[in-house]
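Trainee: Once you've had a glance at the structure underneath, I'll fire off some questions.
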Amino acid sequence: NAMECFSTSMNIKKSLLASDHISIAETISEISYIHEENGDIENAIKSQSAALFIYQTKLGDHMNTADALVSLSRMYDSIGDYTMAIDSYTNAIRIQEQILGRDHLTIAETMYLLGKVHQKNGDIDKVLSLFKDVMRIRKKYLGKNDLSVAAVLNDVGIIQAERNQNEIALRCFTEVFRLQKSLLEGNHEDVGITLVRLGELRHASTEYDVAIEHFTEAMCVFKERRGVNHLSVADT
């Protein structure tokens, strides 16, 4: 299996190379991913931390170091250690900005992941600040009409709706709906979900006629995509 192959590779490399050789760090990193896939997060973190130590010692602020930090962040996030995840993502972004410049899609992706951890940790103001930067970078490189922009807007809309900032949420979901209708083929399920969110916001604002229109259209989407007897159709 994969673990046996990488372990054999590790033993050969250790017999030929210095223990802190970059090639050994790369193999340790691969082993950490196998541990992660197998659900053994404790050993995944130990392996990735060992790889990170070599990268930091031998390469300093290098993309290999940043990539290892991102991987560690994901692992810490998966076990609910948000403090360590935030610290690792933050360090990864610092290195990425040094190497790639401030406005880069790779950095936007790491910022997005960092924002999701802050969201779990309850720091919503930090989330919104990060998502604002993510949207700015994605719009710069991908244009305003891109599904990745819609994804961030959707996240912001959900947050604002939870904060009872319904007008802001409505603007977000209205733009998400426009982008989804123009970029997704046919009656995509995501369009139905956005219509439900728009309906809920209109209902909360006592705009019942508009809410009914949104719910009705959403129900048509769900019937087409999921069948008439699906729970989502009944809920809508």
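We name chains A, B, ... following the order of the structure tokens; residues begin at 1 in each chain, and ligands are numbered from 1 as shown.
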If we count only C-alpha atoms, what is near Ser7 in chain A at a cut-off of 12 Å, once residues fewer than 4 positions away on the same chain are taken out, given as a list in words?

Mentor: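 Once the nearby chain positions are removed, what remains is Asn1, Ala2, Met3, Asn11, Ile12, Lys13, Lys14, Ile24, Thr27, Ile28, Ser29, Glu30, Ile31, Ser32 and Ile34 of chain A.
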
Trainee: Next, the residues of the selection above should be written as a tab-separated table (two decimals), in the first residue's frame with C-alpha atoms.

Mentor:
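This is the output file again_18.tsv:
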chain	number	residue	atom	x	y	z
A	1	ASN	CA	0.00	0.00	0.00
A	2	ALA	CA	0.92	3.68	-0.18
A	3	MET	CA	2.17	3.88	3.41
A	11	ASN	CA	14.33	4.23	4.75
A	12	ILE	CA	16.30	4.32	1.51
A	13	LYS	CA	16.63	8.10	1.62
A	14	LYS	CA	17.73	8.06	5.26
A	24	ILE	CA	13.20	13.46	3.22
A	27	THR	CA	8.44	12.13	1.87
A	28	ILE	CA	7.49	12.86	5.48
A	29	SER	CA	4.91	15.32	4.17
A	30	GLU	CA	3.44	12.66	1.87
A	31	ILE	CA	3.25	10.25	4.79
A	32	SER	CA	1.34	12.89	6.78
A	34	ILE	CA	-1.78	9.32	4.17

Trainee: Which residues, written as a list in words, have at least one atom at most 12 Å from Val196 in chain A, with only C-alpha atoms counted and residues fewer than 4 positions away on the same chain left out?

Mentor: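 Once the nearby chain positions are removed, what remains is Leu170, Phe173, Thr174, Phe177, Glu189, Asp190, Val191, Gly192, Glu200, Leu201, Arg202, His203, Val210, Ala211, Ile212, Glu213, His214, Phe215, Thr216, Glu217, Ala218, Met219, Cys220, Val221, Phe222, Ser232, Val233, Asp235 and Thr236 of chain A.
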
Trainee: Would you list the contacts of range 133-142 of chain A as a PyMOL selection string, taking every protein, DNA or RNA residue within 8 Å and counting only C-alpha atoms, but skipping same-chain residues closer than 5 positions in sequence?

Mentor: chain A and resi 103-105+108-109+111-112+148-149+152-153

Trainee: Determine the nearest neighbour of Ala204 in chain A from the options A:Ala161, A:Ala51, A:Gly60, A:Leu130, counting only C-alpha atoms.

Mentor: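 Closest to Ala204 in chain A of all the choices is A:Ala161.
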
Trainee: Identify all residues of range 77-210 of chain A in helix (DSSP H, G or I) (DSSP on the backbone) and supply them as a PyMOL selection string.

Mentor: chain A and resi 77-78+82-100+105-121+124-142+147-162+166-183+189-204+208-210

Trainee: Near Thr83 in chain A, counting only C-alpha atoms, which residues have an atom at most 10 Å away, once you skip same-chain residues fewer than 5 positions from it, shown as number ranges by chain?

Mentor: A: 73, 76-77, 88, 117-118, 121

Trainee: Please write the residues from the selection above to a file, keeping C-alpha atoms, as a CSV table (one decimal), in the first residue's frame.

Mentor:
chain,number,residue,atom,x,y,z
A,73,SER,CA,-3.8,24.4,9.5
A,76,TYR,CA,-5.7,21.5,13.3
A,77,ASP,CA,-9.0,22.8,12.0
A,88,SER,CA,-0.5,28.4,11.0
A,117,VAL,CA,-11.7,29.0,10.8
A,118,HIS,CA,-12.3,32.5,12.3
A,121,ASN,CA,-14.1,30.5,16.4

Trainee: Could you tell me which of A:Asn145, A:Asn43, A:Gln48, A:Ser205 comes closest to Asp67 in chain A if we count only C-alpha atoms?

Mentor: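 Among the listed residues, the smallest separation from Asp67 in chain A belongs to A:Gln48.
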
Trainee: Which polymer residues have any atom within 12 Å of an atom of Asn64 in chain A, counting only C-alpha atoms, with same-chain residues fewer than 2 positions away left out, as a PDB file with all heavy atoms, in the first residue's frame?

Mentor:
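Once everything was written out, this is out07.pdb:
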ATOM      1  N   ILE A  22      15.914  17.944   2.097  1.00  0.00           N
ATOM      2  CA  ILE A  22      14.595  18.369   1.620  1.00  0.00           C
ATOM      3  C   ILE A  22      13.799  17.186   1.071  1.00  0.00           C
ATOM      4  O   ILE A  22      12.578  17.101   1.248  1.00  0.00           O
ATOM      5  CB  ILE A  22      14.727  19.465   0.544  1.00  0.00           C
ATOM      6  CG1 ILE A  22      15.372  20.719   1.139  1.00  0.00           C
ATOM      7  CG2 ILE A  22      13.364  19.820  -0.045  1.00  0.00           C
ATOM      8  CD1 ILE A  22      14.630  21.296   2.324  1.00  0.00           C
ATOM      9  N   SER A  23      14.462  16.272   0.405  1.00  0.00           N
ATOM     10  CA  SER A  23      13.773  15.109  -0.150  1.00  0.00           C
ATOM     11  C   SER A  23      13.116  14.269   0.943  1.00  0.00           C
ATOM     12  O   SER A  23      12.019  13.724   0.755  1.00  0.00           O
ATOM     13  CB  SER A  23      14.752  14.250  -0.949  1.00  0.00           C
ATOM     14  OG  SER A  23      14.103  13.147  -1.531  1.00  0.00           O
ATOM     15  N   ALA A  25      12.075  15.518   3.830  1.00  0.00           N
ATOM     16  CA  ALA A  25      10.934  16.317   4.278  1.00  0.00           C
ATOM     17  C   ALA A  25       9.730  16.103   3.364  1.00  0.00           C
ATOM     18  O   ALA A  25       8.588  15.993   3.829  1.00  0.00           O
ATOM     19  CB  ALA A  25      11.306  17.802   4.314  1.00  0.00           C
ATOM     20  N   GLU A  26       9.979  16.030   2.059  1.00  0.00           N
ATOM     21  CA  GLU A  26       8.887  15.823   1.102  1.00  0.00           C
ATOM     22  C   GLU A  26       8.211  14.472   1.316  1.00  0.00           C
ATOM     23  O   GLU A  26       6.984  14.368   1.234  1.00  0.00           O
ATOM     24  CB  GLU A  26       9.435  15.946  -0.320  1.00  0.00           C
ATOM     25  CG  GLU A  26       9.848  17.365  -0.690  1.00  0.00           C
ATOM     26  CD  GLU A  26      10.613  17.449  -1.996  1.00  0.00           C
ATOM     27  OE1 GLU A  26      11.045  16.392  -2.511  1.00  0.00           O
ATOM     28  OE2 GLU A  26      10.796  18.577  -2.504  1.00  0.00           O
ATOM     29  N   SER A  29       6.149  14.592   4.448  1.00  0.00           N
ATOM     30  CA  SER A  29       4.908  15.316   4.167  1.00  0.00           C
ATOM     31  C   SER A  29       3.887  14.410   3.499  1.00  0.00           C
ATOM     32  O   SER A  29       2.697  14.423   3.845  1.00  0.00           O
ATOM     33  CB  SER A  29       5.207  16.533   3.287  1.00  0.00           C
ATOM     34  OG  SER A  29       4.042  17.300   3.078  1.00  0.00           O
ATOM     35  N   GLN A  48       3.689  16.134   9.559  1.00  0.00           N
ATOM     36  CA  GLN A  48       3.754  17.416   8.857  1.00  0.00           C
ATOM     37  C   GLN A  48       4.589  18.429   9.635  1.00  0.00           C
ATOM     38  O   GLN A  48       5.292  19.259   9.039  1.00  0.00           O
ATOM     39  CB  GLN A  48       2.349  17.965   8.619  1.00  0.00           C
ATOM     40  CG  GLN A  48       2.261  19.057   7.581  1.00  0.00           C
ATOM     41  CD  GLN A  48       2.672  18.593   6.198  1.00  0.00           C
ATOM     42  OE1 GLN A  48       3.656  19.074   5.644  1.00  0.00           O
ATOM     43  NE2 GLN A  48       1.932  17.651   5.630  1.00  0.00           N
ATOM     44  N   ALA A  51       8.179  17.696   8.845  1.00  0.00           N
ATOM     45  CA  ALA A  51       8.518  18.217   7.513  1.00  0.00           C
ATOM     46  C   ALA A  51       8.676  19.730   7.560  1.00  0.00           C
ATOM     47  O   ALA A  51       9.623  20.293   6.981  1.00  0.00           O
ATOM     48  CB  ALA A  51       7.430  17.829   6.511  1.00  0.00           C
ATOM     49  N   LEU A  52       7.773  20.375   8.283  1.00  0.00           N
ATOM     50  CA  LEU A  52       7.836  21.833   8.408  1.00  0.00           C
ATOM     51  C   LEU A  52       9.140  22.279   9.051  1.00  0.00           C
ATOM     52  O   LEU A  52       9.758  23.252   8.604  1.00  0.00           O
ATOM     53  CB  LEU A  52       6.647  22.333   9.233  1.00  0.00           C
ATOM     54  CG  LEU A  52       6.637  23.827   9.577  1.00  0.00           C
ATOM     55  CD1 LEU A  52       6.550  24.677   8.313  1.00  0.00           C
ATOM     56  CD2 LEU A  52       5.481  24.153  10.524  1.00  0.00           C
ATOM     57  N   PHE A  53       9.573  21.565  10.079  1.00  0.00           N
ATOM     58  CA  PHE A  53      10.820  21.923  10.767  1.00  0.00           C
ATOM     59  C   PHE A  53      11.997  21.900   9.796  1.00  0.00           C
ATOM     60  O   PHE A  53      12.849  22.792   9.809  1.00  0.00           O
ATOM     61  CB  PHE A  53      11.072  20.968  11.941  1.00  0.00           C
ATOM     62  CG  PHE A  53      12.350  21.249  12.674  1.00  0.00           C
ATOM     63  CD1 PHE A  53      12.420  22.297  13.582  1.00  0.00           C
ATOM     64  CD2 PHE A  53      13.483  20.478  12.445  1.00  0.00           C
ATOM     65  CE1 PHE A  53      13.612  22.575  14.258  1.00  0.00           C
ATOM     66  CE2 PHE A  53      14.673  20.748  13.111  1.00  0.00           C
ATOM     67  CZ  PHE A  53      14.727  21.801  14.013  1.00  0.00           C
ATOM     68  N   ILE A  54      12.039  20.897   8.948  1.00  0.00           N
ATOM     69  CA  ILE A  54      13.136  20.809   7.969  1.00  0.00           C
ATOM     70  C   ILE A  54      13.047  21.957   6.967  1.00  0.00           C
ATOM     71  O   ILE A  54      14.053  22.607   6.655  1.00  0.00           O
ATOM     72  CB  ILE A  54      13.105  19.452   7.236  1.00  0.00           C
ATOM     73  CG1 ILE A  54      13.378  18.310   8.226  1.00  0.00           C
ATOM     74  CG2 ILE A  54      14.138  19.426   6.107  1.00  0.00           C
ATOM     75  CD1 ILE A  54      13.215  16.920   7.631  1.00  0.00           C
ATOM     76  N   TYR A  55      11.837  22.211   6.468  1.00  0.00           N
ATOM     77  CA  TYR A  55      11.672  23.321   5.511  1.00  0.00           C
ATOM     78  C   TYR A  55      12.097  24.647   6.131  1.00  0.00           C
ATOM     79  O   TYR A  55      12.786  25.456   5.498  1.00  0.00           O
ATOM     80  CB  TYR A  55      10.218  23.414   5.048  1.00  0.00           C
ATOM     81  CG  TYR A  55       9.749  22.271   4.176  1.00  0.00           C
ATOM     82  CD1 TYR A  55       8.455  21.752   4.309  1.00  0.00           C
ATOM     83  CD2 TYR A  55      10.571  21.727   3.198  1.00  0.00           C
ATOM     84  CE1 TYR A  55       8.018  20.709   3.512  1.00  0.00           C
ATOM     85  CE2 TYR A  55      10.140  20.681   2.393  1.00  0.00           C
ATOM     86  CZ  TYR A  55       8.857  20.174   2.554  1.00  0.00           C
ATOM     87  OH  TYR A  55       8.424  19.149   1.755  1.00  0.00           O
ATOM     88  N   GLN A  56      11.671  24.891   7.358  1.00  0.00           N
ATOM     89  CA  GLN A  56      12.017  26.151   8.018  1.00  0.00           C
ATOM     90  C   GLN A  56      13.523  26.261   8.241  1.00  0.00           C
ATOM     91  O   GLN A  56      14.106  27.336   8.079  1.00  0.00           O
ATOM     92  CB  GLN A  56      11.278  26.259   9.355  1.00  0.00           C
ATOM     93  CG  GLN A  56       9.781  26.527   9.213  1.00  0.00           C
ATOM     94  CD  GLN A  56       9.056  26.497  10.547  1.00  0.00           C
ATOM     95  OE1 GLN A  56       9.391  25.710  11.436  1.00  0.00           O
ATOM     96  NE2 GLN A  56       8.050  27.346  10.698  1.00  0.00           N
ATOM     97  N   THR A  57      14.145  25.140   8.611  1.00  0.00           N
ATOM     98  CA  THR A  57      15.576  25.143   8.906  1.00  0.00           C
ATOM     99  C   THR A  57      16.413  25.288   7.643  1.00  0.00           C
ATOM    100  O   THR A  57      17.379  26.067   7.609  1.00  0.00           O
ATOM    101  CB  THR A  57      15.973  23.848   9.643  1.00  0.00           C
ATOM    102  OG1 THR A  57      15.190  23.722  10.832  1.00  0.00           O
ATOM    103  CG2 THR A  57      17.444  23.858  10.005  1.00  0.00           C
ATOM    104  N   LYS A  58      16.035  24.568   6.603  1.00  0.00           N
ATOM    105  CA  LYS A  58      16.851  24.527   5.391  1.00  0.00           C
ATOM    106  C   LYS A  58      16.470  25.594   4.361  1.00  0.00           C
ATOM    107  O   LYS A  58      17.330  26.076   3.616  1.00  0.00           O
ATOM    108  CB  LYS A  58      16.735  23.139   4.732  1.00  0.00           C
ATOM    109  CG  LYS A  58      17.123  21.984   5.633  1.00  0.00           C
ATOM    110  CD  LYS A  58      18.613  22.011   5.992  1.00  0.00           C
ATOM    111  CE  LYS A  58      19.466  21.572   4.821  1.00  0.00           C
ATOM    112  NZ  LYS A  58      20.873  21.388   5.208  1.00  0.00           N
ATOM    113  N   LEU A  59      15.189  25.964   4.314  1.00  0.00           N
ATOM    114  CA  LEU A  59      14.715  26.870   3.262  1.00  0.00           C
ATOM    115  C   LEU A  59      14.244  28.222   3.782  1.00  0.00           C
ATOM    116  O   LEU A  59      14.195  29.189   3.019  1.00  0.00           O
ATOM    117  CB  LEU A  59      13.565  26.209   2.487  1.00  0.00           C
ATOM    118  CG  LEU A  59      13.873  24.868   1.811  1.00  0.00           C
ATOM    119  CD1 LEU A  59      12.605  24.296   1.181  1.00  0.00           C
ATOM    120  CD2 LEU A  59      14.971  25.029   0.762  1.00  0.00           C
ATOM    121  N   GLY A  60      13.866  28.292   5.047  1.00  0.00           N
ATOM    122  CA  GLY A  60      13.335  29.541   5.586  1.00  0.00           C
ATOM    123  C   GLY A  60      11.952  29.826   5.033  1.00  0.00           C
ATOM    124  O   GLY A  60      11.117  28.922   4.902  1.00  0.00           O
ATOM    125  N   ASP A  61      11.707  31.080   4.694  1.00  0.00           N
ATOM    126  CA  ASP A  61      10.397  31.472   4.152  1.00  0.00           C
ATOM    127  C   ASP A  61      10.320  31.079   2.681  1.00  0.00           C
ATOM    128  O   ASP A  61      10.665  31.841   1.770  1.00  0.00           O
ATOM    129  CB  ASP A  61      10.188  32.982   4.319  1.00  0.00           C
ATOM    130  CG  ASP A  61       9.952  33.366   5.773  1.00  0.00           C
ATOM    131  OD1 ASP A  61       9.700  32.456   6.582  1.00  0.00           O
ATOM    132  OD2 ASP A  61      10.029  34.567   6.084  1.00  0.00           O
ATOM    133  N   HIS A  62       9.867  29.879   2.442  1.00  0.00           N
ATOM    134  CA  HIS A  62       9.807  29.268   1.112  1.00  0.00           C
ATOM    135  C   HIS A  62       8.386  28.752   0.894  1.00  0.00           C
ATOM    136  O   HIS A  62       7.650  28.514   1.849  1.00  0.00           O
ATOM    137  CB  HIS A  62      10.828  28.128   1.053  1.00  0.00           C
ATOM    138  CG  HIS A  62      11.034  27.514  -0.287  1.00  0.00           C
ATOM    139  ND1 HIS A  62      10.221  26.515  -0.782  1.00  0.00           N
ATOM    140  CD2 HIS A  62      11.970  27.740  -1.240  1.00  0.00           C
ATOM    141  CE1 HIS A  62      10.641  26.153  -1.979  1.00  0.00           C
ATOM    142  NE2 HIS A  62      11.701  26.880  -2.279  1.00  0.00           N
ATOM    143  N   ALA A  66       5.345  27.373   3.401  1.00  0.00           N
ATOM    144  CA  ALA A  66       3.968  27.864   3.406  1.00  0.00           C
ATOM    145  C   ALA A  66       2.981  26.726   3.163  1.00  0.00           C
ATOM    146  O   ALA A  66       1.942  26.632   3.834  1.00  0.00           O
ATOM    147  CB  ALA A  66       3.789  28.949   2.350  1.00  0.00           C
ATOM    148  N   ASP A  67       3.298  25.846   2.215  1.00  0.00           N
ATOM    149  CA  ASP A  67       2.403  24.718   1.917  1.00  0.00           C
ATOM    150  C   ASP A  67       2.262  23.786   3.121  1.00  0.00           C
ATOM    151  O   ASP A  67       1.161  23.291   3.411  1.00  0.00           O
ATOM    152  CB  ASP A  67       2.929  23.933   0.715  1.00  0.00           C
ATOM    153  CG  ASP A  67       2.823  24.712  -0.589  1.00  0.00           C
ATOM    154  OD1 ASP A  67       2.079  25.713  -0.622  1.00  0.00           O
ATOM    155  OD2 ASP A  67       3.487  24.317  -1.565  1.00  0.00           O
ATOM    156  N   ALA A  68       3.364  23.555   3.823  1.00  0.00           N
ATOM    157  CA  ALA A  68       3.307  22.710   5.019  1.00  0.00           C
ATOM    158  C   ALA A  68       2.456  23.367   6.106  1.00  0.00           C
ATOM    159  O   ALA A  68       1.688  22.690   6.806  1.00  0.00           O
ATOM    160  CB  ALA A  68       4.715  22.431   5.537  1.00  0.00           C
ATOM    161  N   LEU A  69       2.572  24.676   6.241  1.00  0.00           N
ATOM    162  CA  LEU A  69       1.763  25.410   7.221  1.00  0.00           C
ATOM    163  C   LEU A  69       0.280  25.328   6.881  1.00  0.00           C
ATOM    164  O   LEU A  69      -0.565  25.169   7.765  1.00  0.00           O
ATOM    165  CB  LEU A  69       2.213  26.872   7.279  1.00  0.00           C
ATOM    166  CG  LEU A  69       3.501  27.143   8.052  1.00  0.00           C
ATOM    167  CD1 LEU A  69       4.054  28.525   7.720  1.00  0.00           C
ATOM    168  CD2 LEU A  69       3.276  27.008   9.557  1.00  0.00           C
ATOM    169  N   VAL A  70      -0.047  25.433   5.595  1.00  0.00           N
ATOM    170  CA  VAL A  70      -1.446  25.323   5.170  1.00  0.00           C
ATOM    171  C   VAL A  70      -1.985  23.927   5.485  1.00  0.00           C
ATOM    172  O   VAL A  70      -3.110  23.777   5.979  1.00  0.00           O
ATOM    173  CB  VAL A  70      -1.584  25.640   3.668  1.00  0.00           C
ATOM    174  CG1 VAL A  70      -2.981  25.258   3.157  1.00  0.00           C
ATOM    175  CG2 VAL A  70      -1.328  27.112   3.405  1.00  0.00           C
ATOM    176  N   SER A  71      -1.180  22.910   5.207  1.00  0.00           N
ATOM    177  CA  SER A  71      -1.603  21.541   5.508  1.00  0.00           C
ATOM    178  C   SER A  71      -1.822  21.349   7.008  1.00  0.00           C
ATOM    179  O   SER A  71      -2.811  20.741   7.436  1.00  0.00           O
ATOM    180  CB  SER A  71      -0.557  20.546   5.009  1.00  0.00           C
ATOM    181  OG  SER A  71      -0.443  20.596   3.601  1.00  0.00           O
ATOM    182  N   ALA A  92       1.430  31.205   7.086  1.00  0.00           N
ATOM    183  CA  ALA A  92       1.477  30.812   5.676  1.00  0.00           C
ATOM    184  C   ALA A  92       1.219  32.017   4.780  1.00  0.00           C
ATOM    185  O   ALA A  92       1.915  32.223   3.772  1.00  0.00           O
ATOM    186  CB  ALA A  92       0.453  29.715   5.401  1.00  0.00           C
ATOM    187  N   ILE A  95       4.234  34.347   4.513  1.00  0.00           N
ATOM    188  CA  ILE A  95       5.249  33.842   3.582  1.00  0.00           C
ATOM    189  C   ILE A  95       4.784  33.969   2.140  1.00  0.00           C
ATOM    190  O   ILE A  95       5.544  34.385   1.253  1.00  0.00           O
ATOM    191  CB  ILE A  95       5.586  32.376   3.916  1.00  0.00           C
ATOM    192  CG1 ILE A  95       6.233  32.279   5.302  1.00  0.00           C
ATOM    193  CG2 ILE A  95       6.515  31.781   2.857  1.00  0.00           C
ATOM    194  CD1 ILE A  95       6.381  30.862   5.821  1.00  0.00           C
ATOM    195  N   GLN A  96       3.536  33.613   1.891  1.00  0.00           N
ATOM    196  CA  GLN A  96       2.990  33.706   0.533  1.00  0.00           C
ATOM    197  C   GLN A  96       3.064  35.136   0.006  1.00  0.00           C
ATOM    198  O   GLN A  96       3.392  35.366  -1.172  1.00  0.00           O
ATOM    199  CB  GLN A  96       1.544  33.206   0.513  1.00  0.00           C
ATOM    200  CG  GLN A  96       1.418  31.698   0.684  1.00  0.00           C
ATOM    201  CD  GLN A  96      -0.016  31.254   0.873  1.00  0.00           C
ATOM    202  OE1 GLN A  96      -0.892  32.042   1.212  1.00  0.00           O
ATOM    203  NE2 GLN A  96      -0.263  29.961   0.669  1.00  0.00           N
ATOM    204  N   ILE A  99       6.562  36.066  -1.119  1.00  0.00           N
ATOM    205  CA  ILE A  99       7.011  35.404  -2.345  1.00  0.00           C
ATOM    206  C   ILE A  99       6.156  35.772  -3.555  1.00  0.00           C
ATOM    207  O   ILE A  99       6.685  36.017  -4.655  1.00  0.00           O
ATOM    208  CB  ILE A  99       7.009  33.876  -2.149  1.00  0.00           C
ATOM    209  CG1 ILE A  99       8.003  33.486  -1.043  1.00  0.00           C
ATOM    210  CG2 ILE A  99       7.363  33.147  -3.455  1.00  0.00           C
ATOM    211  CD1 ILE A  99       7.888  32.049  -0.586  1.00  0.00           C
TER     212      ILE A  99
END

Trainee: Find the residue from A:Asp155, A:Ile79, A:Asp146, A:Glu207 that sits nearest to Gly115 in chain A; use only C-alpha atoms when measuring.

Mentor: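 Comparing A:Asp155, A:Ile79, A:Asp146, A:Glu207 against Gly115 in chain A, the winner is A:Asp155.
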
Trainee: Counting only C-alpha atoms, what is within 10 Å of Ala151 in chain A, bar same-chain residues fewer than 5 positions away, as a VMD selection string?

Mentor: chain A and resid 135 146 156 to 157 176 179 to 180
